[in-house]
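The file work.tsv contains TSV, N, CA and C atoms:
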```tsv
chain	number	residue	atom	x	y	z
A	250	MET	N	60.03	123.19	99.76
A	250	MET	CA	60.77	122.88	100.97
A	250	MET	C	61.77	124.01	101.22
A	251	ASN	N	61.98	124.31	102.49
A	251	ASN	CA	62.91	125.36	102.81
A	251	ASN	C	64.12	124.78	103.53
A	252	PHE	N	65.02	125.66	103.89
A	252	PHE	CA	66.26	125.24	104.53
A	252	PHE	C	66.00	124.55	105.86
A	253	LYS	N	65.00	125.03	106.62
A	253	LYS	CA	64.68	124.40	107.91
A	253	LYS	C	64.24	122.96	107.73
A	254	THR	N	63.46	122.69	106.68
A	254	THR	CA	63.01	121.33	106.41
A	254	THR	C	64.19	120.44	106.07
A	255	LEU	N	65.11	120.96	105.25
A	255	LEU	CA	66.31	120.20	104.89
A	255	LEU	C	67.14	119.91	106.13
A	256	LEU	N	67.31	120.90	106.96
A	256	LEU	CA	68.09	120.74	108.17
A	256	LEU	C	67.45	119.72	109.10
A	257	ALA	N	66.13	119.78	109.26
A	257	ALA	CA	65.42	118.83	110.13
A	257	ALA	C	65.53	117.41	109.60
A	258	ALA	N	65.37	117.24	108.29
A	258	ALA	CA	65.47	115.90	107.69
A	258	ALA	C	66.87	115.34	107.86
A	259	SER	N	67.87	116.18	107.70
A	259	SER	CA	69.26	115.75	107.87
A	259	SER	C	69.53	115.34	109.31
A	260	ALA	N	69.00	116.11	110.25
A	260	ALA	CA	69.18	115.81	111.66
A	260	ALA	C	68.54	114.46	112.01
A	261	ILE	N	67.37	114.20	111.46
A	261	ILE	CA	66.70	112.92	111.72
A	261	ILE	C	67.54	111.76	111.20
A	262	ALA	N	68.04	111.91	109.98
A	262	ALA	CA	68.85	110.84	109.39
A	262	ALA	C	70.11	110.58	110.19
A	263	LEU	N	70.73	111.63	110.70
A	263	LEU	CA	71.95	111.47	111.48
A	263	LEU	C	71.69	110.95	112.89
A	264	ALA	N	70.51	111.19	113.40
A	264	ALA	CA	70.19	110.79	114.77
A	264	ALA	C	69.79	109.33	114.89
A	265	LEU	N	69.46	108.68	113.81
A	265	LEU	CA	69.02	107.29	113.87
A	265	LEU	C	70.17	106.39	114.28
A	266	PRO	N	69.89	105.36	115.05
A	266	PRO	CA	70.95	104.44	115.46
A	266	PRO	C	71.60	103.78	114.24
A	267	MET	N	72.89	103.50	114.36
A	267	MET	CA	73.63	102.91	113.25
A	267	MET	C	73.05	101.58	112.80
A	268	ALA	N	72.58	100.75	113.71
A	268	ALA	CA	72.01	99.46	113.32
A	268	ALA	C	70.80	99.65	112.44
A	269	ALA	N	69.98	100.63	112.75
A	269	ALA	CA	68.79	100.87	111.95
A	269	ALA	C	69.16	101.46	110.60
A	270	GLN	N	70.21	102.28	110.58
A	270	GLN	CA	70.60	102.91	109.33
A	270	GLN	C	71.14	101.91	108.32
A	271	ALA	N	71.64	100.78	108.80
A	271	ALA	CA	72.23	99.80	107.90
A	271	ALA	C	71.23	99.24	106.90
A	272	GLN	N	69.96	99.21	107.25
A	272	GLN	CA	68.94	98.64	106.39
A	272	GLN	C	68.09	99.75	105.80
A	273	GLY	N	68.04	99.87	104.52
A	273	GLY	CA	67.11	100.79	103.88
A	273	GLY	C	67.61	102.20	103.67
A	274	LEU	N	68.68	102.61	104.33
A	274	LEU	CA	69.17	103.98	104.23
A	274	LEU	C	69.57	104.35	102.82
A	275	VAL	N	70.41	103.53	102.22
A	275	VAL	CA	70.91	103.84	100.89
A	275	VAL	C	69.78	103.84	99.87
A	276	ARG	N	68.94	102.81	99.91
A	276	ARG	CA	67.83	102.74	98.96
A	276	ARG	C	66.88	103.91	99.14
A	277	GLY	N	66.59	104.27	100.38
A	277	GLY	CA	65.70	105.40	100.64
A	277	GLY	C	66.29	106.70	100.14
A	278	ALA	N	67.59	106.89	100.36
A	278	ALA	CA	68.25	108.12	99.91
A	278	ALA	C	68.25	108.20	98.39
A	279	GLU	N	68.55	107.09	97.74
A	279	GLU	CA	68.58	107.08	96.27
A	279	GLU	C	67.21	107.40	95.69
A	280	GLN	N	66.17	106.74	96.21
A	280	GLN	CA	64.82	106.97	95.70
A	280	GLN	C	64.36	108.40	95.99
A	281	GLY	N	64.65	108.89	97.19
A	281	GLY	CA	64.28	110.24	97.56
A	281	GLY	C	64.96	111.28	96.69
A	282	ALA	N	66.23	111.05	96.39
A	282	ALA	CA	66.98	111.99	95.53
A	282	ALA	C	66.39	112.00	94.12
A	283	ARG	N	66.06	110.82	93.60
A	283	ARG	CA	65.47	110.76	92.25
A	283	ARG	C	64.13	111.48	92.21
A	284	ASP	N	63.28	111.18	93.21
A	284	ASP	CA	61.96	111.81	93.25
A	284	ASP	C	62.06	113.31	93.43
A	285	GLY	N	62.97	113.74	94.31
A	285	GLY	CA	63.16	115.17	94.55
A	285	GLY	C	63.68	115.89	93.32
A	286	ALA	N	64.61	115.26	92.62
A	286	ALA	CA	65.16	115.87	91.41
A	286	ALA	C	64.10	115.99	90.33
A	287	ASP	N	63.26	114.98	90.22
A	287	ASP	CA	62.17	115.04	89.23
A	287	ASP	C	61.20	116.18	89.54
A	288	ALA	N	60.95	116.39	90.83
A	288	ALA	CA	59.96	117.40	91.22
A	288	ALA	C	60.53	118.81	91.27
A	289	ALA	N	61.80	118.96	91.71
A	289	ALA	CA	62.30	120.31	91.96
A	289	ALA	C	63.76	120.53	91.58
A	290	GLY	N	64.30	119.70	90.72
A	290	GLY	CA	65.67	119.92	90.25
A	290	GLY	C	66.71	119.59	91.32
A	291	PRO	N	67.90	120.21	91.22
A	291	PRO	CA	69.02	119.88	92.12
A	291	PRO	C	68.71	120.09	93.60
A	292	VAL	N	68.02	121.17	93.94
A	292	VAL	CA	67.68	121.41	95.34
A	292	VAL	C	66.72	120.33	95.82
A	293	GLY	N	65.79	119.95	94.98
A	293	GLY	CA	64.86	118.87	95.33
A	293	GLY	C	65.58	117.55	95.55
A	294	ALA	N	66.64	117.31	94.79
A	294	ALA	CA	67.41	116.07	94.95
A	294	ALA	C	68.08	116.03	96.31
A	295	ILE	N	68.60	117.18	96.75
A	295	ILE	CA	69.26	117.23	98.06
A	295	ILE	C	68.25	116.98	99.17
A	296	VAL	N	67.14	117.68	99.12
A	296	VAL	CA	66.10	117.52	100.14
A	296	VAL	C	65.52	116.12	100.07
A	297	GLY	N	65.21	115.66	98.87
A	297	GLY	CA	64.63	114.33	98.70
A	297	GLY	C	65.55	113.24	99.19
A	298	GLY	N	66.85	113.40	98.97
A	298	GLY	CA	67.81	112.40	99.44
A	298	GLY	C	67.82	112.30	100.95
A	299	ALA	N	67.82	113.46	101.62
A	299	ALA	CA	67.83	113.46	103.09
A	299	ALA	C	66.53	112.88	103.65
A	300	VAL	N	65.41	113.31	103.10
A	300	VAL	CA	64.12	112.81	103.57
A	300	VAL	C	63.99	111.32	103.23
A	301	GLY	N	64.40	110.93	102.03
A	301	GLY	CA	64.32	109.52	101.64
A	301	GLY	C	65.19	108.64	102.51
A	302	ALA	N	66.35	109.14	102.92
A	302	ALA	CA	67.22	108.36	103.81
A	302	ALA	C	66.52	108.13	105.13
A	303	ALA	N	65.90	109.18	105.66
A	303	ALA	CA	65.21	109.04	106.95
A	303	ALA	C	64.02	108.10	106.84
A	304	THR	N	63.19	108.28	105.83
A	304	THR	CA	62.01	107.43	105.72
A	304	THR	C	62.37	106.03	105.26
A	305	GLY	N	63.39	105.88	104.44
A	305	GLY	CA	63.82	104.55	104.02
A	305	GLY	C	64.35	103.75	105.18
A	306	THR	N	65.04	104.42	106.10
A	306	THR	CA	65.58	103.73	107.26
A	306	THR	C	64.48	103.35	108.23
A	307	VAL	N	63.59	104.28	108.51
A	307	VAL	CA	62.54	104.02	109.46
A	307	VAL	C	61.50	103.08	108.86
A	308	GLY	N	61.23	103.24	107.56
A	308	GLY	CA	60.13	102.55	106.94
A	308	GLY	C	60.35	101.12	106.56
A	309	GLY	N	61.55	100.61	106.60
A	309	GLY	CA	61.66	99.24	106.18
A	309	GLY	C	63.01	98.59	106.34
A	310	ILE	N	62.97	97.32	106.67
A	310	ILE	CA	64.15	96.49	106.77
A	310	ILE	C	64.50	95.98	105.38
A	311	LEU	N	63.49	95.50	104.67
A	311	LEU	CA	63.68	95.09	103.28
A	311	LEU	C	63.65	96.32	102.40
A	312	GLY	N	64.46	96.34	101.38
A	312	GLY	CA	64.41	97.45	100.44
A	312	GLY	C	63.12	97.43	99.63
A	313	VAL	N	62.79	98.56	99.07
A	313	VAL	CA	61.57	98.69	98.27
A	313	VAL	C	61.54	97.65	97.16
A	314	ASP	N	62.67	97.42	96.53
A	314	ASP	CA	62.74	96.46	95.43
A	314	ASP	C	62.61	95.01	95.90
A	315	ASP	N	62.98	94.74	97.15
A	315	ASP	CA	62.95	93.37	97.66
A	315	ASP	C	61.59	92.95	98.20
A	316	ARG	N	60.73	93.89	98.53
A	316	ARG	CA	59.45	93.55	99.15
A	316	ARG	C	58.59	92.64	98.28
A	317	PRO	N	58.33	92.99	97.00
A	317	PRO	CA	57.48	92.10	96.19
A	317	PRO	C	58.12	90.72	95.99
A	318	ARG	N	59.43	90.71	95.83
A	318	ARG	CA	60.13	89.44	95.63
A	318	ARG	C	60.07	88.59	96.89
A	319	PHE	N	60.22	89.22	98.06
A	319	PHE	CA	60.13	88.48	99.33
A	319	PHE	C	58.71	87.97	99.56
A	320	ARG	N	57.74	88.80	99.25
A	320	ARG	CA	56.33	88.38	99.39
A	320	ARG	C	56.07	87.15	98.53
A	321	SER	N	56.59	87.14	97.30
A	321	SER	CA	56.44	85.97	96.42
A	321	SER	C	57.15	84.76	97.01
A	322	TYR	N	58.33	84.99	97.56
A	322	TYR	CA	59.09	83.90	98.19
A	322	TYR	C	58.26	83.24	99.29
A	323	VAL	N	57.66	84.05	100.15
A	323	VAL	CA	56.86	83.51	101.25
A	323	VAL	C	55.61	82.80	100.71
A	324	THR	N	54.95	83.41	99.73
A	324	THR	CA	53.74	82.82	99.15
A	324	THR	C	54.03	81.47	98.52
A	325	GLU	N	55.15	81.35	97.81
A	325	GLU	CA	55.52	80.10	97.16
A	325	GLU	C	55.77	78.97	98.16
A	326	ARG	N	56.18	79.32	99.38
A	326	ARG	CA	56.44	78.32	100.40
A	326	ARG	C	55.18	77.88	101.13
A	327	ARG	N	54.07	78.55	100.84
A	327	ARG	CA	52.78	78.21	101.45
A	327	ARG	C	52.87	78.09	102.97
A	328	VAL	N	53.48	79.10	103.54
A	328	VAL	CA	53.64	79.16	104.99
A	328	VAL	C	52.26	79.34	105.62
A	329	ARG	N	51.98	78.54	106.63
A	329	ARG	CA	50.68	78.62	107.31
A	329	ARG	C	50.57	79.94	108.06
A	330	SER	N	49.44	80.59	107.90
A	330	SER	CA	49.21	81.86	108.55
A	330	SER	C	48.75	81.66	109.99
A	331	TYR	N	49.29	82.47	110.87
A	331	TYR	CA	48.88	82.46	112.28
A	331	TYR	C	47.71	83.42	112.43
A	332	ASP	N	46.61	82.95	113.02
A	332	ASP	CA	45.45	83.80	113.26
A	332	ASP	C	45.67	84.59	114.55
A	333	TYR	N	45.71	85.89	114.41
A	333	TYR	CA	45.99	86.78	115.53
A	333	TYR	C	44.83	87.74	115.73
A	334	ASP	N	44.36	87.87	116.95
A	334	ASP	CA	43.23	88.75	117.25
A	334	ASP	C	43.64	90.21	117.36
A	335	GLY	N	44.90	90.47	117.62
A	335	GLY	CA	45.36	91.84	117.79
A	335	GLY	C	45.69	92.52	116.48
A	336	ARG	N	46.24	93.70	116.59
A	336	ARG	CA	46.61	94.50	115.43
A	336	ARG	C	47.94	94.01	114.85
A	337	VAL	N	47.98	93.79	113.56
A	337	VAL	CA	49.22	93.38	112.89
A	337	VAL	C	49.90	94.66	112.41
A	338	ALA	N	50.87	95.12	113.19
A	338	ALA	CA	51.54	96.38	112.90
A	338	ALA	C	52.94	96.35	113.50
A	339	VAL	N	53.79	97.22	112.99
A	339	VAL	CA	55.14	97.35	113.54
A	339	VAL	C	55.02	97.69	115.02
A	340	GLY	N	55.78	96.96	115.84
A	340	GLY	CA	55.76	97.17	117.28
A	340	GLY	C	54.96	96.14	118.04
A	341	THR	N	54.07	95.43	117.35
A	341	THR	CA	53.27	94.39	118.00
A	341	THR	C	54.17	93.20	118.33
A	342	THR	N	54.07	92.69	119.55
A	342	THR	CA	54.84	91.51	119.94
A	342	THR	C	53.96	90.28	119.82
A	343	LEU	N	54.44	89.32	119.06
A	343	LEU	CA	53.71	88.07	118.84
A	343	LEU	C	54.10	87.06	119.91
A	344	PRO	N	53.24	86.08	120.15
A	344	PRO	CA	53.56	85.06	121.16
A	344	PRO	C	54.77	84.22	120.75
A	345	SER	N	55.46	83.68	121.74
A	345	SER	CA	56.62	82.84	121.43
A	345	SER	C	56.20	81.42	121.10
A	346	SER	N	55.00	81.02	121.52
A	346	SER	CA	54.53	79.67	121.19
A	346	SER	C	53.28	79.78	120.32
A	347	GLY	N	53.11	78.77	119.47
A	347	GLY	CA	51.96	78.74	118.58
A	347	GLY	C	52.21	79.40	117.23
A	348	VAL	N	53.29	80.13	117.12
A	348	VAL	CA	53.66	80.79	115.87
A	348	VAL	C	54.95	80.15	115.38
A	349	THR	N	55.02	79.85	114.09
A	349	THR	CA	56.26	79.31	113.52
A	349	THR	C	57.03	80.44	112.87
A	350	TYR	N	58.29	80.58	113.26
A	350	TYR	CA	59.17	81.62	112.73
A	350	TYR	C	60.20	80.97	111.82
A	351	TYR	N	60.51	81.64	110.72
A	351	TYR	CA	61.41	81.09	109.70
A	351	TYR	C	62.58	82.04	109.47
A	352	ASP	N	63.74	81.46	109.11
A	352	ASP	CA	64.90	82.27	108.77
A	352	ASP	C	64.68	82.97	107.44
A	353	VAL	N	65.19	84.19	107.33
A	353	VAL	CA	65.13	84.94	106.08
A	353	VAL	C	66.37	84.56	105.27
A	354	PRO	N	66.20	84.18	104.00
A	354	PRO	CA	67.36	83.82	103.18
A	354	PRO	C	68.37	84.97	103.09
A	355	ASP	N	69.64	84.61	103.03
A	355	ASP	CA	70.73	85.60	102.97
A	355	ASP	C	70.59	86.58	101.82
A	356	GLU	N	69.99	86.16	100.71
A	356	GLU	CA	69.90	87.01	99.54
A	356	GLU	C	69.13	88.31	99.79
A	357	TYR	N	68.35	88.35	100.88
A	357	TYR	CA	67.58	89.56	101.19
A	357	TYR	C	68.35	90.53	102.08
A	358	ARG	N	69.55	90.16	102.47
A	358	ARG	CA	70.45	91.03	103.23
A	358	ARG	C	69.78	91.66	104.46
A	359	VAL	N	69.08	90.84	105.21
A	359	VAL	CA	68.42	91.29	106.43
A	359	VAL	C	69.35	91.04	107.61
A	360	LYS	N	69.34	91.94	108.54
A	360	LYS	CA	70.18	91.86	109.73
A	360	LYS	C	70.00	90.50	110.41
A	361	PRO	N	71.09	89.87	110.84
A	361	PRO	CA	70.96	88.58	111.55
A	361	PRO	C	70.04	88.72	112.77
A	362	GLY	N	69.27	87.69	113.00
A	362	GLY	CA	68.35	87.70	114.13
A	362	GLY	C	66.92	87.98	113.73
A	363	TYR	N	66.73	88.60	112.57
A	363	TYR	CA	65.36	88.83	112.09
A	363	TYR	C	64.87	87.55	111.44
A	364	ARG	N	63.60	87.24	111.66
A	364	ARG	CA	62.97	86.07	111.06
A	364	ARG	C	61.66	86.53	110.46
A	365	TYR	N	60.95	85.62	109.80
A	365	TYR	CA	59.65	85.99	109.26
A	365	TYR	C	58.61	84.96	109.64
A	366	THR	N	57.38	85.40	109.55
A	366	THR	CA	56.22	84.53	109.73
A	366	THR	C	55.08	85.17	108.96
A	367	VAL	N	53.94	84.50	108.97
A	367	VAL	CA	52.75	85.06	108.32
A	367	VAL	C	51.67	85.17	109.38
A	368	VAL	N	51.11	86.37	109.51
A	368	VAL	CA	50.08	86.64	110.50
A	368	VAL	C	48.87	87.21	109.79
A	369	ASN	N	47.72	86.57	109.97
A	369	ASN	CA	46.49	87.00	109.29
A	369	ASN	C	46.72	87.21	107.79
A	370	ASP	N	47.42	86.26	107.19
A	370	ASP	CA	47.74	86.23	105.76
A	370	ASP	C	48.66	87.38	105.31
A	371	ARG	N	49.39	87.97	106.24
A	371	ARG	CA	50.33	89.05	105.91
A	371	ARG	C	51.73	88.65	106.36
A	372	PRO	N	52.70	88.58	105.44
A	372	PRO	CA	54.07	88.28	105.85
A	372	PRO	C	54.62	89.42	106.72
A	373	VAL	N	55.33	89.06	107.78
A	373	VAL	CA	55.94	90.05	108.65
A	373	VAL	C	57.37	89.63	109.00
A	374	LEU	N	58.21	90.61	109.25
A	374	LEU	CA	59.54	90.35	109.80
A	374	LEU	C	59.48	90.64	111.29
A	375	VAL	N	60.13	89.81	112.08
A	375	VAL	CA	60.15	89.99	113.53
A	375	VAL	C	61.59	89.98	114.03
A	376	ASP	N	61.81	90.63	115.18
A	376	ASP	CA	63.13	90.60	115.79
A	376	ASP	C	63.22	89.41	116.75
A	377	ARG	N	64.30	89.34	117.49
A	377	ARG	CA	64.52	88.20	118.40
A	377	ARG	C	63.44	88.08	119.47
A	378	GLY	N	62.83	89.19	119.83
A	378	GLY	CA	61.79	89.20	120.84
A	378	GLY	C	60.40	88.98	120.28
A	379	HIS	N	60.31	88.58	119.02
A	379	HIS	CA	59.04	88.32	118.32
A	379	HIS	C	58.22	89.60	118.11
A	380	ARG	N	58.89	90.74	118.13
A	380	ARG	CA	58.23	92.02	117.86
A	380	ARG	C	58.25	92.27	116.37
A	381	ILE	N	57.12	92.63	115.81
A	381	ILE	CA	57.05	92.90	114.37
A	381	ILE	C	57.85	94.16	114.05
A	382	VAL	N	58.80	94.03	113.13
A	382	VAL	CA	59.61	95.17	112.72
A	382	VAL	C	59.26	95.64	111.31
A	383	GLU	N	58.55	94.80	110.55
A	383	GLU	CA	58.09	95.21	109.22
A	383	GLU	C	56.94	94.31	108.78
A	384	VAL	N	55.90	94.94	108.24
A	384	VAL	CA	54.79	94.22	107.64
A	384	VAL	C	54.98	94.34	106.14
A	385	ILE	N	55.02	93.21	105.45
A	385	ILE	CA	55.29	93.19	104.01
A	385	ILE	C	53.96	93.18	103.26
A	386	ASP	N	53.53	94.34	102.80
A	386	ASP	CA	52.28	94.45	102.03
A	386	ASP	C	52.54	94.52	100.55
```
Take the structure in this file and express it as structure tokens.
Amino acid sequence: MNFKTLLAASAIALALPMAAQAQGLVRGAEQGARDGADAAGPVGAIVGGAVGAATGTVGGILGVDDRPRFRSYVTERRVRSYDYDGRVAVGTTLPSSGVTYYDVPDEYRVKPGYRYTVVNDRPVLVDRGHRIVEVID
């Protein structure tokens, strides 16, 4: 990685809206710094931290460590899956009727207003407009 890559990654991290940065930023930066340091020493840690912050923020509402635990939480509740003909992906808007949405427990530190449901046997987080913001695989 060169200086331009570091600069671009830093610019991306700084340009993200504050609300989005609140979830996943710290975990992404920490993981990126560790991975970068392992691969390329101190310079790799700096680059990895910046890139990890950007991808951690964009890539998930739940932290990397919380995803398996949240998936287990949903599975244990035996939430009925909604059969959806469309693509189950971030950005897809689900119908407001016919789908049951559930509150996310406080222990997962998810922004207020996000809820979860299961679509085609895949747990997803949705925003107030029923738009998928994270698919929990």
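Atom CA of Leu374 of chain A lies 14.0 Å from atom C of Glu356 of chain A.
As for atom CA of Arg329 of chain A and atom CA of Val348 of chain A, they are spaced 9.3 Å apart.
Residue nearest Pro317 of chain A within the list A:Pro372, A:Gly378, A:Pro291, A:Thr341: A:Pro372 [criterion: smallest interatomic distance, only C-alpha atoms].
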Check: What does the distance from atom CA of Ser330 of chain A to atom N of Ile310 of chain A come to in Å, to one decimal?
Finding: 20.8 Å
Next item on the list: Might you pull out every residue within 7 Å of Tyr350 of chain A, with only C-alpha atoms counted and same-chain residues fewer than 6 positions away left off, and present them as an MDAnalysis selection string?
Entry: chainID A and resid 364:366
Written file, previous selection with N, CA and C atoms, as a PDB file, in the frame of the given file:
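Contents of the output file part_8.pdb:
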```
ATOM      1  N   ARG A 364      63.600  87.240 111.660  1.00  0.00           N
ATOM      2  CA  ARG A 364      62.970  86.070 111.060  1.00  0.00           C
ATOM      3  C   ARG A 364      61.660  86.530 110.460  1.00  0.00           C
ATOM      4  N   TYR A 365      60.950  85.620 109.800  1.00  0.00           N
ATOM      5  CA  TYR A 365      59.650  85.990 109.260  1.00  0.00           C
ATOM      6  C   TYR A 365      58.610  84.960 109.640  1.00  0.00           C
ATOM      7  N   THR A 366      57.380  85.400 109.550  1.00  0.00           N
ATOM      8  CA  THR A 366      56.220  84.530 109.730  1.00  0.00           C
ATOM      9  C   THR A 366      55.080  85.170 108.960  1.00  0.00           C
TER      10      THR A 366
END
```
